[in-house]
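Engineer: Structure below; questions to follow.
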Amino acid sequence: MKNSNFFRSLFVATALFSGSLGLTSCDKDNDVTPATSTEVRGPYDQHGVFILNEGNYGTPNGSISFLSDSANQTVINSISQKANNDRPLGDVVMDLDIVGDRAYIVANNSNKLEVVNAYTFQTEGAVELKQPRFFAAASADKAYVSEWITYGQPGQVSVIDLKTLQVVKTIPVGPLPEELLVADGKLYVAINGSNVVTVINTSTDVVERDITVTDGPAELELDADKRLWVLAKGRTVYNSDWTVNYSETTPGALIAINTANSTVLNTLTFGSNQASPGNLAITGDGAKLYYNYQGATYAQSASATSLASTPLINRSFYGLGIDPDNGYIYGSDQNGFSGDGTVFIYQPDGTKVKEFKVGIGPNGFVFN
Amino acid sequence: MSFTAVAQQPDSTVHQLRTVEVFGRPAEVYAAGSRVSAIDSSYLRTYASGSLADALQARTPLYFKSYGASGLSSVSFRGTNASQTAVLWNGLNIASATLGQTDFSTLPVGGIGAVEVQHGAAAATYGSGAIGGAVLLHSPEYKGEGLGWEAQLEAGSFGRYFGSGRLSYGSQKLEVGASAYLRLAGNDFTYTDLSRYQTPRVKQEYAALQQHGITQDITYHLTDKTQVALHGWYTYTARDLQPAMGSAPDNAAQKDENLRLLAELKHSSRWGQTDVKAAYFKDYLHYTDNTTNSEADVQTYQLQAEQTYTKGSNWSLRGGINLQHFVAENDGYAGQQQENRAAVFALFRYNPVAPLALSLNLRQALVEGYSPMPTPALGFDWTFYKQHQHRLSLKGSASGSYRVPTLNDRYWIGAGNPDLRPEQGWSYESGLRHVLPLGSTLLLETEATAYHMLIDDWIQWAPDDIGRWRPANLQKVRSRGVELSSQVTATVGEMKLSGSAGYTYTSSEQEKVYDGTGDKGKQLMYVPLHKAIFATTAQYHNWALLGNLNYTGLRYTTNSETTSLNGFLLLQLALSKKLELWETPLLLTLRSDNVTNTVYQTMAYRAMPPRSYTFSIRFSLP
């Protein structure tokens, strides 16, 4: 596949030769001390936000940072390394989900799901997978992980028994499956290498149908009215000499799907096919959507029928998250992957209130 | 640091501008105040089966970041990055035009005759990329009358084998030599996998390497005043690229083929010396992994013409031009790309009085759309004290340097950045040198140098605001440091001893960041603050013992100083005995690398080999 080759080659060139991809070993600073009283089950048994730092591609220096919500808001970096004798977490940390007493961490290029205690981050097990991307739990006992298997080839969704940490079933899907979302007995899978969202029945684990959207669906959010919002990135088409063919390249879009009948309610197409939207996030009440486009951050009501025209924040982020409690906006800067990234926190109106350094390549936020 | 066996390094303080010498290395003659050190030839012969990265790591202040036992080795010199050290072969730049840097693991010591290291900026003499310094490689020289030959076989730990052969013939008019080498390395050593639960001991299963090559050199003296020479060097390297611990194996493999051909004409006349070099280089790189199949094929045509005029022993002037033509095919480019570059230079040396040497150099490079500013260099070398055999000299230089964007920086589709500016460096250094010969039994040389360097418009690939990886003039870097070196040779009874010690302190940090947050004021990643080298050779009758100790201090693994690799100490020992078998001299060598079994990494998470043993046998005639 041309697309795949091109980006991989670019990546290889960049990764191998630019010298910009540094690596991490052990972080000796900031020893972990419980930020609250001793009745808690571990240092992370408190309100706060986990920050996912993907690390350098080809190097297992992905990490998790934790910003506690306690009075003095302290940041602790590399929390899994600290809890596990400096053992590196993994290569390209993509996703973290907390289910019960455990946190499940997807390390894409380490081919694994690392299972840790949610309060101490001590490793309790690992599940071997094939280029895993995202994790979603359907219940306390069962979860799904999307897997690329091989870049550009048809992917799969693995069904994981959370008690035994075994893969109990694999469900073939289209190429490059990305985010997963469970709602009302259905698992939605964004198939980035095509133009569909695949729907899987969570009681039978069988594909029910594909909902056709626009090219490159990648991210999913559910709003207050049970609309499934899909961020599609569009599809870049190349000429034979690898220049972009802009007459065939398709733009990105935000698509709203009615989860009751799996029909597309609305498709909000972005204006230009020369830039791709990204980082779809939603407020805790499911009323407001946030995303990045053309180097800026936009916000709009989940019931809007057109795209926002003026940006809320005049920059884009490598990762974007919205605090479900107070609507604060968390954005990150990847610092060229050559040094530690930075997290910025903004009030809902876009006023910056705080910034702090985290690990390499912060790409996501999980609010605890 | 100078790691030369003293006998091989002419004392620059007594350097005379004799006719024969102006054909020598331009930096020695025309860059007063700067420093060139050579790698001891006995070291190169003992470690002929290794790569240039191994040799320079063990013997010089250069730091090499090696992606495991088989992977890419990139250099950092005086706090700069891998593109900022120029690599020249017989006086012409051989760095890859696509990547702008040299992978030192693809340069086998077996194919090189001599290696010198130019410390500090020397772009006025060596052109683009000579910012932190330059590594100067020379083809083997074949001296002596009649037929000569040499054969070497070697076997070592972790499935390492090496064989080489050399044939030569010399007469009054002609010197001809050819060599071939083959190196196989399984690199199946055992290491502790830090990334796995309970950190098990595992075997490295994906770091095998196969390398072979030939060299051919012919020098023909047409007349007393005219000679022509042909040099050829071909190397093929195929290897598994050792993955990082904890990253999924992706079956990454790389093949490199490097062909270098050079024809040279030297002629002396009453107008001085004329030196014309024409070269053809072909560099092919094929990278594959589970999802990638990428080829790059670059052909380089180079022409360098120089005219040197020397007047008495006072002054010498050299003027020259360098022309380069690149034809590059790369999967990342829109079809074939061609590029022309040119440079004109003038090098001037003047000795107003015997103990003082002054030099002034100027170079102007011309690259379409990317021409750097004119690059000057000014230097002096003053022997101010000369009594009771002690000789003390003070030296200093101020020099500009530059690096033009690589072909990848310019032509990579969707990434090539037409707004890039060339990197621009300014370097100031000063040093003291002390030489003390005591009769014919002892020679002590000590040198201390301090430098201050600014490199502006440092080019680095990073994601832009829409996530697209592309090169940008990201930062201004300030590098400061101290280099100390001392060497001694002594004859004690029937024992010949030589020793050298060196220490470097390197502080290199971002001074300005033009895009993004950056990490201002912090030590750049993979630049050790401290590196120290200690080397000794002892010869007694037919026995020789070689020892090398390398201490490399802590290195940060990102620009934020938050994660690091611990310092390490490596010891190499080699014991040789000369014998005679069927009237043929025979040299037996037993070697051990990493004698103390140190666990270390030069690139994070890439396991490096533990203690190893190698046995080698070498026949030679005459």
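In the structure tokens, each chain is lettered A, B, ... as it comes, each chain's residues begin at 1, and ligands are numbered from 1 in order of appearance.
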Can I get the residues of chain B within 8 Å of chain A, each with the closest pair of atoms and their distance in Å to one decimal, using only C-alpha atoms, sorted chain first then ascending number, as JSON lines?
Structural biologist:
{"residue": "B:Asn81", "atom": "CA", "partner": "A:Gly19", "partner_atom": "CA", "distance": 7.6}
{"residue": "B:Ala82", "atom": "CA", "partner": "A:Gly19", "partner_atom": "CA", "distance": 7.7}
{"residue": "B:Leu99", "atom": "CA", "partner": "A:Phe17", "partner_atom": "CA", "distance": 6.7}
{"residue": "B:Leu194", "atom": "CA", "partner": "A:Arg87", "partner_atom": "CA", "distance": 6.0}
{"residue": "B:Ser195", "atom": "CA", "partner": "A:Arg87", "partner_atom": "CA", "distance": 5.4}
{"residue": "B:Arg196", "atom": "CA", "partner": "A:Arg87", "partner_atom": "CA", "distance": 7.3}
{"residue": "B:Tyr197", "atom": "CA", "partner": "A:Arg87", "partner_atom": "CA", "distance": 7.7}
{"residue": "B:Pro243", "atom": "CA", "partner": "A:Gly58", "partner_atom": "CA", "distance": 7.7}
{"residue": "B:Ala244", "atom": "CA", "partner": "A:Thr59", "partner_atom": "CA", "distance": 5.8}
{"residue": "B:Met245", "atom": "CA", "partner": "A:Pro60", "partner_atom": "CA", "distance": 7.2}
{"residue": "B:Gly246", "atom": "CA", "partner": "A:Pro60", "partner_atom": "CA", "distance": 5.4}
{"residue": "B:Ser247", "atom": "CA", "partner": "A:Ser110", "partner_atom": "CA", "distance": 4.5}
{"residue": "B:Ala248", "atom": "CA", "partner": "A:Ser110", "partner_atom": "CA", "distance": 4.6}
{"residue": "B:Asn290", "atom": "CA", "partner": "A:Thr150", "partner_atom": "CA", "distance": 7.8}
{"residue": "B:Thr291", "atom": "CA", "partner": "A:Tyr151", "partner_atom": "CA", "distance": 6.6}
{"residue": "B:Thr292", "atom": "CA", "partner": "A:Asn5", "partner_atom": "CA", "distance": 5.7}
{"residue": "B:Asn293", "atom": "CA", "partner": "A:Asn5", "partner_atom": "CA", "distance": 7.2}
{"residue": "B:Ser294", "atom": "CA", "partner": "A:Ser9", "partner_atom": "CA", "distance": 6.3}
{"residue": "B:Asp331", "atom": "CA", "partner": "A:Ser9", "partner_atom": "CA", "distance": 7.7}
{"residue": "B:Gly332", "atom": "CA", "partner": "A:Leu10", "partner_atom": "CA", "distance": 6.9}
{"residue": "B:Tyr333", "atom": "CA", "partner": "A:Trp242", "partner_atom": "CA", "distance": 7.3}
{"residue": "B:Ala334", "atom": "CA", "partner": "A:Asp241", "partner_atom": "CA", "distance": 4.6}
{"residue": "B:Gly335", "atom": "CA", "partner": "A:Asp241", "partner_atom": "CA", "distance": 6.0}
{"residue": "B:Ile413", "atom": "CA", "partner": "A:Thr243", "partner_atom": "CA", "distance": 6.1}
{"residue": "B:Gly414", "atom": "CA", "partner": "A:Thr243", "partner_atom": "CA", "distance": 7.1}
{"residue": "B:Gln460", "atom": "CA", "partner": "A:Ser18", "partner_atom": "CA", "distance": 6.2}
{"residue": "B:Trp461", "atom": "CA", "partner": "A:Ser18", "partner_atom": "CA", "distance": 5.6}
{"residue": "B:Ala462", "atom": "CA", "partner": "A:Gly336", "partner_atom": "CA", "distance": 4.7}
{"residue": "B:Pro463", "atom": "CA", "partner": "A:Gly336", "partner_atom": "CA", "distance": 6.0}
{"residue": "B:Asp465", "atom": "CA", "partner": "A:Gly295", "partner_atom": "CA", "distance": 5.7}
{"residue": "B:Ile466", "atom": "CA", "partner": "A:Gly295", "partner_atom": "CA", "distance": 6.1}
{"residue": "B:Gly467", "atom": "CA", "partner": "A:Tyr318", "partner_atom": "CA", "distance": 7.9}
{"residue": "B:Trp469", "atom": "CA", "partner": "A:Thr14", "partner_atom": "CA", "distance": 7.5}
{"residue": "B:Gly516", "atom": "CA", "partner": "A:Asn335", "partner_atom": "CA", "distance": 6.0}
{"residue": "B:Thr517", "atom": "CA", "partner": "A:Asn335", "partner_atom": "CA", "distance": 5.9}
{"residue": "B:Gly518", "atom": "CA", "partner": "A:Asn335", "partner_atom": "CA", "distance": 5.9}
{"residue": "B:Asp519", "atom": "CA", "partner": "A:Gly339", "partner_atom": "CA", "distance": 6.7}
{"residue": "B:Met525", "atom": "CA", "partner": "A:Gly22", "partner_atom": "CA", "distance": 7.0}
{"residue": "B:Thr557", "atom": "CA", "partner": "A:Leu23", "partner_atom": "CA", "distance": 4.9}
{"residue": "B:Thr558", "atom": "CA", "partner": "A:Gly339", "partner_atom": "CA", "distance": 4.9}
{"residue": "B:Asn559", "atom": "CA", "partner": "A:Gly339", "partner_atom": "CA", "distance": 4.5}
{"residue": "B:Ser560", "atom": "CA", "partner": "A:Gly339", "partner_atom": "CA", "distance": 4.9}
{"residue": "B:Thr562", "atom": "CA", "partner": "A:Asp27", "partner_atom": "CA", "distance": 6.2}
{"residue": "B:Thr563", "atom": "CA", "partner": "A:Asp27", "partner_atom": "CA", "distance": 5.1}
{"residue": "B:Ser564", "atom": "CA", "partner": "A:Ser25", "partner_atom": "CA", "distance": 5.8}
{"residue": "B:Leu565", "atom": "CA", "partner": "A:Ser25", "partner_atom": "CA", "distance": 6.4}
{"residue": "B:Met603", "atom": "CA", "partner": "A:Leu23", "partner_atom": "CA", "distance": 7.6}
{"residue": "B:Ala604", "atom": "CA", "partner": "A:Leu23", "partner_atom": "CA", "distance": 5.7}
{"residue": "B:Tyr605", "atom": "CA", "partner": "A:Thr59", "partner_atom": "CA", "distance": 7.2}
Engineer: Would you mind listing what lies within 9 Å of Ile51 of chain A as a PyMOL selection string, with only C-alpha atoms counted and same-chain residues fewer than 5 positions away left out?
Structural biologist: chain A and resi 63-67+77+343+358-359+362-367
Engineer: Using C-alpha atoms, can you write the selected residues to a file as a JSON list (two decimals), in the first residue's frame?
Structural biologist:
[["chain", "number", "residue", "atom", "x", "y", "z"],
["A", 63, "SER", "CA", 5.35, 6.59, 30.30],
["A", 64, "ILE", "CA", 2.44, 7.77, 32.40],
["A", 65, "SER", "CA", 2.41, 10.99, 34.41],
["A", 66, "PHE", "CA", -0.07, 11.78, 37.16],
["A", 67, "LEU", "CA", -1.28, 15.21, 38.16],
["A", 77, "ASN", "CA", 6.26, 11.45, 35.99],
["A", 343, "VAL", "CA", 0.83, 20.07, 29.36],
["A", 358, "VAL", "CA", 5.61, 15.61, 31.61],
["A", 359, "GLY", "CA", 7.23, 12.77, 29.60],
["A", 362, "PRO", "CA", 2.14, 13.45, 25.71],
["A", 363, "ASN", "CA", -0.82, 12.30, 23.62],
["A", 364, "GLY", "CA", -3.78, 11.84, 25.92],
["A", 365, "PHE", "CA", -5.48, 12.41, 29.26],
["A", 366, "VAL", "CA", -7.45, 10.05, 31.47],
["A", 367, "PHE", "CA", -9.32, 11.71, 34.30]]
Engineer: Fewer than 6 positions away in the same chain doesn't count, so skip those; otherwise give me all residues within 6 Å of segment 539-542 of chain B, counting only C-alpha atoms, as a short mmCIF file (atom, residue, chain, number, x, y, z; two decimals) with N, CA and C atoms, in the first residue's frame.
Structural biologist:
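Listing of out_32.cif after writing:
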data_model
loop_
_atom_site.label_atom_id
_atom_site.label_comp_id
_atom_site.auth_asym_id
_atom_site.auth_seq_id
_atom_site.Cartn_x
_atom_site.Cartn_y
_atom_site.Cartn_z
N MET B 495 62.70 -2.46 26.85
CA MET B 495 61.26 -2.28 26.75
C MET B 495 60.94 -0.91 26.18
N LYS B 496 60.01 -0.90 25.19
CA LYS B 496 59.53 0.36 24.65
C LYS B 496 58.12 0.58 25.17
N LYS B 577 52.38 -11.77 19.94
CA LYS B 577 53.73 -12.35 19.90
C LYS B 577 54.13 -12.56 18.45
N LYS B 578 55.34 -12.10 18.14
CA LYS B 578 55.87 -12.27 16.79
C LYS B 578 56.65 -13.57 16.72
#
Engineer: List the neighbours of Val404 of chain B out to 7 Å using only C-alpha atoms; skip same-chain residues closer than 5 positions along the sequence, and give me the result as JSON, numbers by chain.
Structural biologist: {"B": [128, 370, 422, 423]}
Engineer: Hey, what does DSSP flag as strand (DSSP E or B) within segment 77-141 of chain A? Can you give it to me as a PyMOL selection string?
Structural biologist: chain A and resi 90+93-99+102-107+112-117+123-128+132-137
Engineer: Those residues you just picked out, can you put them in a file as a short mmCIF file (atom, residue, chain, number, x, y, z; two decimals), in the first residue's frame with C-alpha atoms?
Structural biologist:
data_model
loop_
_atom_site.label_atom_id
_atom_site.label_comp_id
_atom_site.auth_asym_id
_atom_site.auth_seq_id
_atom_site.Cartn_x
_atom_site.Cartn_y
_atom_site.Cartn_z
CA GLY A 90 6.49 0.29 26.48
CA VAL A 93 1.77 4.24 24.76
CA MET A 94 -1.63 4.80 23.16
CA ASP A 95 -4.40 4.29 25.67
CA LEU A 96 -5.17 3.82 29.34
CA ASP A 97 -8.48 2.74 30.85
CA ILE A 98 -9.35 2.04 34.45
CA VAL A 99 -11.69 -0.87 35.07
CA ARG A 102 -6.84 -2.17 37.47
CA ALA A 103 -5.55 0.10 34.77
CA TYR A 104 -5.08 -1.29 31.27
CA ILE A 105 -2.37 0.36 29.22
CA VAL A 106 -1.98 -0.18 25.48
CA ALA A 107 1.64 -0.09 24.21
CA LYS A 112 1.12 -5.58 24.50
CA LEU A 113 -1.59 -4.58 26.91
CA GLU A 114 0.11 -3.90 30.24
CA VAL A 115 -2.18 -4.57 33.20
CA VAL A 116 -1.33 -2.66 36.36
CA ASN A 117 -2.88 -2.02 39.75
CA THR A 123 2.26 -4.60 36.99
CA GLU A 124 -0.10 -7.50 37.48
CA GLY A 125 0.09 -9.02 34.03
CA ALA A 126 0.29 -8.40 30.32
CA VAL A 127 -1.61 -9.54 27.25
CA GLU A 128 0.34 -10.06 24.04
CA PRO A 132 -2.80 -2.78 19.57
CA ARG A 133 -4.31 0.71 19.42
CA PHE A 134 -7.22 1.33 21.80
CA PHE A 135 -9.01 -0.39 24.66
CA ALA A 136 -12.66 -0.28 25.73
CA ALA A 137 -14.35 -2.27 28.50
#
